[in-house]
$ cat upload.pdb   # PDB, N, CA and C atoms
MODEL        1
ATOM      1  N   MET A1465     130.417  45.179  84.669
ATOM      2  CA  MET A1465     128.992  45.290  84.886
ATOM      3  C   MET A1465     128.732  45.291  86.381
ATOM      4  N   HIS A1466     127.897  46.210  86.838
ATOM      5  CA  HIS A1466     127.500  46.322  88.234
ATOM      6  C   HIS A1466     125.988  46.263  88.325
ATOM      7  N   ALA A1467     125.484  45.900  89.507
ATOM      8  CA  ALA A1467     124.043  45.890  89.747
ATOM      9  C   ALA A1467     123.793  46.369  91.166
ATOM     10  N   ILE A1468     122.603  46.890  91.389
ATOM     11  CA  ILE A1468     122.175  47.288  92.724
ATOM     12  C   ILE A1468     121.079  46.326  93.146
ATOM     13  N   ILE A1469     121.317  45.635  94.275
ATOM     14  CA  ILE A1469     120.355  44.664  94.788
ATOM     15  C   ILE A1469     119.831  45.157  96.126
ATOM     16  N   GLN A1470     118.699  44.593  96.552
ATOM     17  CA  GLN A1470     118.133  44.932  97.847
ATOM     18  C   GLN A1470     117.846  43.648  98.608
ATOM     19  N   THR A1471     118.378  43.549  99.816
ATOM     20  CA  THR A1471     118.116  42.418 100.690
ATOM     21  C   THR A1471     118.275  42.873 102.135
ATOM     22  N   GLY A1472     117.421  42.395 102.992
ATOM     23  CA  GLY A1472     117.498  42.747 104.406
ATOM     24  C   GLY A1472     117.227  44.205 104.683
ATOM     25  N   GLY A1473     116.484  44.885 103.799
ATOM     26  CA  GLY A1473     116.178  46.289 104.005
ATOM     27  C   GLY A1473     117.302  47.223 103.628
ATOM     28  N   LYS A1474     118.355  46.695 103.006
ATOM     29  CA  LYS A1474     119.495  47.512 102.599
ATOM     30  C   LYS A1474     119.764  47.304 101.120
ATOM     31  N   GLN A1475     120.448  48.255 100.500
ATOM     32  CA  GLN A1475     120.812  48.147  99.100
ATOM     33  C   GLN A1475     122.319  48.027  98.984
ATOM     34  N   TYR A1476     122.762  47.185  98.043
ATOM     35  CA  TYR A1476     124.180  46.919  97.844
ATOM     36  C   TYR A1476     124.521  47.044  96.362
ATOM     37  N   ARG A1477     125.686  47.599  96.067
ATOM     38  CA  ARG A1477     126.208  47.633  94.704
ATOM     39  C   ARG A1477     127.156  46.457  94.565
ATOM     40  N   VAL A1478     126.872  45.555  93.610
ATOM     41  CA  VAL A1478     127.649  44.332  93.478
ATOM     42  C   VAL A1478     128.158  44.173  92.048
ATOM     43  N   ALA A1479     129.228  43.406  91.923
ATOM     44  CA  ALA A1479     129.813  43.046  90.638
ATOM     45  C   ALA A1479     130.160  41.563  90.694
ATOM     46  N   PRO A1480     130.250  40.898  89.557
ATOM     47  CA  PRO A1480     130.608  39.473  89.576
ATOM     48  C   PRO A1480     131.971  39.241  90.224
ATOM     49  N   GLY A1481     132.037  38.224  91.086
ATOM     50  CA  GLY A1481     133.275  37.893  91.775
ATOM     51  C   GLY A1481     133.410  38.520  93.150
ATOM     52  N   GLU A1482     132.560  39.466  93.505
ATOM     53  CA  GLU A1482     132.636  40.118  94.812
ATOM     54  C   GLU A1482     132.062  39.239  95.906
ATOM     55  N   THR A1483     132.584  39.397  97.121
ATOM     56  CA  THR A1483     132.044  38.745  98.306
ATOM     57  C   THR A1483     131.544  39.837  99.237
ATOM     58  N   LEU A1484     130.306  39.686  99.732
ATOM     59  CA  LEU A1484     129.767  40.697 100.620
ATOM     60  C   LEU A1484     128.965  40.056 101.740
ATOM     61  N   ARG A1485     128.807  40.816 102.826
ATOM     62  CA  ARG A1485     128.047  40.363 103.984
ATOM     63  C   ARG A1485     126.674  41.017 103.952
ATOM     64  N   VAL A1486     125.636  40.197 104.041
ATOM     65  CA  VAL A1486     124.261  40.691 104.061
ATOM     66  C   VAL A1486     123.590  40.167 105.319
ATOM     67  N   GLU A1487     122.397  40.649 105.594
ATOM     68  CA  GLU A1487     121.636  40.155 106.739
ATOM     69  C   GLU A1487     121.430  38.647 106.603
ATOM     70  N   LYS A1488     121.249  37.975 107.708
ATOM     71  CA  LYS A1488     121.131  36.512 107.735
ATOM     72  C   LYS A1488     120.057  36.024 106.767
ATOM     73  N   LEU A1489     120.434  35.064 105.917
ATOM     74  CA  LEU A1489     119.526  34.471 104.931
ATOM     75  C   LEU A1489     119.368  32.988 105.221
ATOM     76  N   PRO A1490     118.183  32.430 104.961
ATOM     77  CA  PRO A1490     118.024  30.978 105.110
ATOM     78  C   PRO A1490     118.731  30.262 103.971
ATOM     79  N   GLY A1491     119.335  29.142 104.261
ATOM     80  CA  GLY A1491     120.014  28.369 103.227
ATOM     81  C   GLY A1491     121.298  27.767 103.748
ATOM     82  N   GLU A1492     121.719  26.701 103.094
ATOM     83  CA  GLU A1492     122.932  25.999 103.481
ATOM     84  C   GLU A1492     124.141  26.611 102.776
ATOM     85  N   ILE A1493     125.321  26.354 103.322
ATOM     86  CA  ILE A1493     126.559  26.803 102.704
ATOM     87  C   ILE A1493     126.730  26.060 101.384
ATOM     88  N   GLY A1494     127.028  26.806 100.330
ATOM     89  CA  GLY A1494     127.196  26.220  99.008
ATOM     90  C   GLY A1494     125.948  26.282  98.148
ATOM     91  N   SER A1495     124.800  26.622  98.733
ATOM     92  CA  SER A1495     123.580  26.708  97.929
ATOM     93  C   SER A1495     123.561  28.031  97.160
ATOM     94  N   GLU A1496     122.875  28.022  96.025
ATOM     95  CA  GLU A1496     122.814  29.196  95.169
ATOM     96  C   GLU A1496     121.509  29.942  95.410
ATOM     97  N   ILE A1497     121.595  31.271  95.474
ATOM     98  CA  ILE A1497     120.422  32.105  95.685
ATOM     99  C   ILE A1497     120.381  33.185  94.612
ATOM    100  N   GLU A1498     119.206  33.782  94.422
ATOM    101  CA  GLU A1498     119.036  34.861  93.458
ATOM    102  C   GLU A1498     118.486  36.095  94.158
ATOM    103  N   PHE A1499     118.996  37.247  93.758
ATOM    104  CA  PHE A1499     118.509  38.519  94.272
ATOM    105  C   PHE A1499     117.855  39.291  93.133
ATOM    106  N   PRO A1500     116.689  39.909  93.364
ATOM    107  CA  PRO A1500     116.139  40.799  92.339
ATOM    108  C   PRO A1500     116.954  42.087  92.285
ATOM    109  N   THR A1501     117.027  42.699  91.117
ATOM    110  CA  THR A1501     117.839  43.903  90.955
ATOM    111  C   THR A1501     116.967  45.144  90.874
ATOM    112  N   LEU A1502     117.511  46.252  91.338
ATOM    113  CA  LEU A1502     116.850  47.547  91.227
ATOM    114  C   LEU A1502     117.364  48.309  90.015
ATOM    115  N   ALA A1503     118.655  48.133  89.705
ATOM    116  CA  ALA A1503     119.265  48.794  88.556
ATOM    117  C   ALA A1503     120.487  47.993  88.132
ATOM    118  N   VAL A1504     120.833  48.101  86.837
ATOM    119  CA  VAL A1504     122.003  47.421  86.297
ATOM    120  C   VAL A1504     122.817  48.441  85.521
ATOM    121  N   PHE A1505     124.117  48.501  85.790
ATOM    122  CA  PHE A1505     125.040  49.352  85.054
ATOM    123  C   PHE A1505     125.818  48.459  84.092
ATOM    124  N   LYS A1506     125.540  48.554  82.788
ATOM    125  CA  LYS A1506     126.232  47.702  81.818
ATOM    126  C   LYS A1506     127.657  48.170  81.606
ATOM    127  N   ASP A1507     127.873  49.463  81.560
ATOM    128  CA  ASP A1507     129.212  50.041  81.560
ATOM    129  C   ASP A1507     129.106  51.400  82.245
ATOM    130  N   ASP A1508     130.121  52.227  82.120
ATOM    131  CA  ASP A1508     130.107  53.493  82.849
ATOM    132  C   ASP A1508     129.017  54.453  82.382
ATOM    133  N   SER A1509     128.539  54.304  81.144
ATOM    134  CA  SER A1509     127.580  55.269  80.621
ATOM    135  C   SER A1509     126.166  54.715  80.436
ATOM    136  N   THR A1510     125.975  53.389  80.535
ATOM    137  CA  THR A1510     124.670  52.796  80.283
ATOM    138  C   THR A1510     124.044  52.319  81.583
ATOM    139  N   LEU A1511     122.849  52.835  81.878
ATOM    140  CA  LEU A1511     122.103  52.458  83.075
ATOM    141  C   LEU A1511     120.775  51.853  82.653
ATOM    142  N   VAL A1512     120.454  50.675  83.185
ATOM    143  CA  VAL A1512     119.162  50.039  82.943
ATOM    144  C   VAL A1512     118.434  50.020  84.283
ATOM    145  N   ALA A1513     117.261  50.664  84.337
ATOM    146  CA  ALA A1513     116.510  50.743  85.598
ATOM    147  C   ALA A1513     115.023  50.633  85.303
ATOM    148  N   GLY A1514     114.239  50.568  86.353
ATOM    149  CA  GLY A1514     112.788  50.529  86.210
ATOM    150  C   GLY A1514     112.291  49.191  85.721
ATOM    151  N   ALA A1515     111.367  49.209  84.773
ATOM    152  CA  ALA A1515     110.751  47.983  84.269
ATOM    153  C   ALA A1515     111.748  47.102  83.520
ATOM    154  N   GLU A1516     112.739  47.718  82.880
ATOM    155  CA  GLU A1516     113.743  46.942  82.151
ATOM    156  C   GLU A1516     114.614  46.126  83.101
ATOM    157  N   ALA A1517     114.881  46.643  84.290
ATOM    158  CA  ALA A1517     115.726  45.940  85.253
ATOM    159  C   ALA A1517     114.934  44.969  86.115
ATOM    160  N   ALA A1518     113.614  44.972  86.001
ATOM    161  CA  ALA A1518     112.778  44.117  86.849
ATOM    162  C   ALA A1518     113.005  42.642  86.571
ATOM    163  N   ASN A1519     113.336  42.281  85.334
ATOM    164  CA  ASN A1519     113.555  40.866  85.024
ATOM    165  C   ASN A1519     115.025  40.471  85.120
ATOM    166  N   ALA A1520     115.897  41.381  85.503
ATOM    167  CA  ALA A1520     117.308  41.053  85.709
ATOM    168  C   ALA A1520     117.481  40.392  87.072
ATOM    169  N   ARG A1521     118.416  39.473  87.172
ATOM    170  CA  ARG A1521     118.676  38.738  88.408
ATOM    171  C   ARG A1521     120.175  38.703  88.690
ATOM    172  N   VAL A1522     120.510  38.604  89.968
ATOM    173  CA  VAL A1522     121.893  38.431  90.402
ATOM    174  C   VAL A1522     121.991  37.080  91.072
ATOM    175  N   LYS A1523     122.856  36.209  90.554
ATOM    176  CA  LYS A1523     123.060  34.893  91.149
ATOM    177  C   LYS A1523     124.250  34.954  92.090
ATOM    178  N   ALA A1524     124.084  34.319  93.258
ATOM    179  CA  ALA A1524     125.146  34.316  94.263
ATOM    180  C   ALA A1524     125.154  32.963  94.969
ATOM    181  N   THR A1525     126.290  32.651  95.580
ATOM    182  CA  THR A1525     126.471  31.414  96.328
ATOM    183  C   THR A1525     126.755  31.762  97.781
ATOM    184  N   ILE A1526     126.125  31.046  98.707
ATOM    185  CA  ILE A1526     126.358  31.280 100.132
ATOM    186  C   ILE A1526     127.717  30.694 100.510
ATOM    187  N   VAL A1527     128.588  31.554 101.030
ATOM    188  CA  VAL A1527     129.938  31.141 101.421
ATOM    189  C   VAL A1527     129.978  30.756 102.896
ATOM    190  N   GLY A1528     129.245  31.477 103.731
ATOM    191  CA  GLY A1528     129.264  31.163 105.154
ATOM    192  C   GLY A1528     128.240  31.953 105.940
ATOM    193  N   ASN A1529     127.945  31.453 107.138
ATOM    194  CA  ASN A1529     127.068  32.126 108.095
ATOM    195  C   ASN A1529     127.874  32.334 109.364
ATOM    196  N   ASP A1530     127.776  33.527 109.939
ATOM    197  CA  ASP A1530     128.565  33.816 111.133
ATOM    198  C   ASP A1530     127.902  34.964 111.890
ATOM    199  N   ARG A1531     128.560  35.392 112.945
ATOM    200  CA  ARG A1531     128.102  36.534 113.722
ATOM    201  C   ARG A1531     129.238  37.541 113.816
ATOM    202  N   ALA A1532     128.883  38.817 113.765
ATOM    203  CA  ALA A1532     129.874  39.887 113.798
ATOM    204  C   ALA A1532     130.441  40.044 115.205
ATOM    205  N   ASP A1533     131.419  40.924 115.342
ATOM    206  CA  ASP A1533     132.012  41.206 116.641
ATOM    207  C   ASP A1533     130.982  41.827 117.573
ATOM    208  N   LYS A1534     131.200  41.639 118.869
ATOM    209  CA  LYS A1534     130.259  42.147 119.863
ATOM    210  C   LYS A1534     130.346  43.667 119.955
ATOM    211  N   ILE A1535     129.184  44.290 120.056
ATOM    212  CA  ILE A1535     129.070  45.724 120.273
ATOM    213  C   ILE A1535     128.514  45.917 121.678
ATOM    214  N   ILE A1536     129.177  46.746 122.474
ATOM    215  CA  ILE A1536     128.743  47.014 123.842
ATOM    216  C   ILE A1536     127.755  48.183 123.829
ATOM    217  N   VAL A1537     126.592  47.973 124.458
ATOM    218  CA  VAL A1537     125.572  49.013 124.583
ATOM    219  C   VAL A1537     125.503  49.382 126.064
ATOM    220  N   PHE A1538     125.827  50.637 126.379
ATOM    221  CA  PHE A1538     125.856  51.100 127.766
ATOM    222  C   PHE A1538     124.819  52.203 127.934
ATOM    223  N   LYS A1539     123.896  51.993 128.863
ATOM    224  CA  LYS A1539     122.859  52.978 129.152
ATOM    225  C   LYS A1539     123.135  53.566 130.532
ATOM    226  N   PHE A1540     122.968  54.893 130.652
ATOM    227  CA  PHE A1540     123.311  55.575 131.882
ATOM    228  C   PHE A1540     122.398  56.782 132.064
ATOM    229  N   LYS A1541     121.871  56.926 133.284
ATOM    230  CA  LYS A1541     121.095  58.117 133.638
ATOM    231  C   LYS A1541     121.715  58.704 134.897
ATOM    232  N   LYS A1542     122.223  59.908 134.773
ATOM    233  CA  LYS A1542     122.872  60.523 135.921
ATOM    234  C   LYS A1542     121.852  60.876 136.996
ATOM    235  N   LYS A1543     122.279  60.885 138.225
ATOM    236  CA  LYS A1543     121.479  61.211 139.414
ATOM    237  C   LYS A1543     120.367  60.202 139.702
ATOM    238  N   LYS A1544     120.267  59.135 138.934
ATOM    239  CA  LYS A1544     119.206  58.152 139.145
ATOM    240  C   LYS A1544     119.760  56.771 139.522
ATOM    241  N   GLN A1545     121.074  56.650 139.604
ATOM    242  CA  GLN A1545     121.731  55.385 139.930
ATOM    243  C   GLN A1545     121.345  54.276 138.943
ATOM    244  N   TYR A1546     121.241  54.655 137.671
ATOM    245  CA  TYR A1546     120.860  53.689 136.642
ATOM    246  C   TYR A1546     122.009  53.485 135.674
ATOM    247  N   LYS A1547     122.497  52.249 135.626
ATOM    248  CA  LYS A1547     123.524  51.865 134.665
ATOM    249  C   LYS A1547     123.165  50.479 134.146
ATOM    250  N   LYS A1548     123.263  50.293 132.850
ATOM    251  CA  LYS A1548     122.942  48.993 132.258
ATOM    252  C   LYS A1548     123.896  48.751 131.100
ATOM    253  N   THR A1549     124.535  47.591 131.105
ATOM    254  CA  THR A1549     125.452  47.222 130.040
ATOM    255  C   THR A1549     124.972  45.922 129.412
ATOM    256  N   ILE A1550     124.766  45.957 128.101
ATOM    257  CA  ILE A1550     124.407  44.754 127.368
ATOM    258  C   ILE A1550     125.259  44.695 126.102
ATOM    259  N   GLY A1551     125.327  43.525 125.499
ATOM    260  CA  GLY A1551     126.080  43.361 124.266
ATOM    261  C   GLY A1551     125.184  42.846 123.162
ATOM    262  N   HIS A1552     125.643  43.021 121.927
ATOM    263  CA  HIS A1552     124.877  42.567 120.762
ATOM    264  C   HIS A1552     125.828  42.042 119.698
ATOM    265  N   ARG A1553     125.497  40.885 119.111
ATOM    266  CA  ARG A1553     126.258  40.333 117.984
ATOM    267  C   ARG A1553     125.284  40.100 116.842
ATOM    268  N   GLN A1554     125.469  40.809 115.739
ATOM    269  CA  GLN A1554     124.576  40.710 114.587
ATOM    270  C   GLN A1554     124.952  39.496 113.744
ATOM    271  N   SER A1555     123.956  38.706 113.356
ATOM    272  CA  SER A1555     124.182  37.566 112.476
ATOM    273  C   SER A1555     124.249  38.044 111.034
ATOM    274  N   PHE A1556     125.095  37.399 110.228
ATOM    275  CA  PHE A1556     125.201  37.759 108.829
ATOM    276  C   PHE A1556     125.446  36.521 107.988
ATOM    277  N   THR A1557     125.187  36.649 106.691
ATOM    278  CA  THR A1557     125.482  35.619 105.705
ATOM    279  C   THR A1557     126.450  36.218 104.705
ATOM    280  N   GLU A1558     127.519  35.505 104.432
ATOM    281  CA  GLU A1558     128.506  35.962 103.461
ATOM    282  C   GLU A1558     128.211  35.291 102.130
ATOM    283  N   VAL A1559     128.013  36.088 101.080
ATOM    284  CA  VAL A1559     127.680  35.552  99.759
ATOM    285  C   VAL A1559     128.713  36.011  98.741
ATOM    286  N   LYS A1560     128.933  35.158  97.733
ATOM    287  CA  LYS A1560     129.829  35.506  96.630
ATOM    288  C   LYS A1560     128.993  35.604  95.369
ATOM    289  N   VAL A1561     129.042  36.763  94.716
ATOM    290  CA  VAL A1561     128.263  37.019  93.509
ATOM    291  C   VAL A1561     128.931  36.302  92.347
ATOM    292  N   SER A1562     128.171  35.447  91.671
ATOM    293  CA  SER A1562     128.750  34.689  90.570
ATOM    294  C   SER A1562     128.404  35.275  89.216
ATOM    295  N   ASP A1563     127.164  35.802  89.044
ATOM    296  CA  ASP A1563     126.774  36.272  87.720
ATOM    297  C   ASP A1563     125.644  37.283  87.831
ATOM    298  N   ILE A1564     125.595  38.199  86.864
ATOM    299  CA  ILE A1564     124.498  39.147  86.739
ATOM    300  C   ILE A1564     123.806  38.865  85.419
ATOM    301  N   LEU A1565     122.532  38.471  85.493
ATOM    302  CA  LEU A1565     121.763  38.164  84.293
ATOM    303  C   LEU A1565     120.872  39.353  83.965
ATOM    304  N   ALA A1566     121.210  40.079  82.919
ATOM    305  CA  ALA A1566     120.470  41.290  82.569
ATOM    306  C   ALA A1566     119.528  41.025  81.417
TER     307      ALA A1566
ENDMDL
END
$ encode --input "upload.pdb" --output "structure tokens"
Amino acid sequence: MHAIIQTGGKQYRVAPGETLRVEKLPGEIGSEIEFPTLAVFKDDSTLVAGAEAANARVKATIVGNDRADKIIVFKFKKKKQYKKTIGHRQSFTEVKVSDILA
């Protein structure tokens, strides 16, 4: 069974037992959270979507909070003597999907 969830402005396809990184979520490590579902795939041929999937939920446990590797952002304008280098580290929350309630 698979489900499509939406969090942090992105959509993810998840299955029970999977671990995935999503945008930073409030909550302590070990706490349980629920995601609303957009669609649920019961098997390869059965799709539940729309109003039927509105009451389905995905339960997950927060495994950890961390920051990704640094990305270097370099800005340059030729003939203007303009160079600027900055870095960015995106925060994320790692969650483990425990169950899909359809």
$ residues_around --input "upload.pdb" --residues "segment 1490-1504 of chain A" --least-positions-apart "5" --cutoff "5 Å" --atoms "only N, CA and C atoms" --output "PyMOL selection string"
chain A and resi 1466-1469+1511-1513+1520-1526
$ resolve_selection --input "upload.pdb" --expression "the PyMOL selection byres ((chain A and resi 1546-1559) around 6.5)" --output "PyMOL selection string"
chain A and resi 1482-1489+1524-1545+1560-1561
$ select_by_dssp --input "upload.pdb" --residues "chain A" --states "strand (DSSP E or B)" --output "PyMOL selection string"
chain A and resi 1466-1471+1474-1478+1483-1487+1496-1505+1511-1513+1521-1531+1535-1541+1546-1552+1555-1565
$ atom_distance --input "upload.pdb" --atom1 "atom N of Gln1470 of chain A" --atom2 "atom CA of Ala1566 of chain A"
14.5 Å
$ atom_distance --input "upload.pdb" --atom1 "atom N of Thr1510 of chain A" --atom2 "atom N of Met1465 of chain A"
10.2 Å
$ atom_distance --input "upload.pdb" --atom1 "atom C of Lys1474 of chain A" --atom2 "atom C of Leu1565 of chain A"
18.9 Å
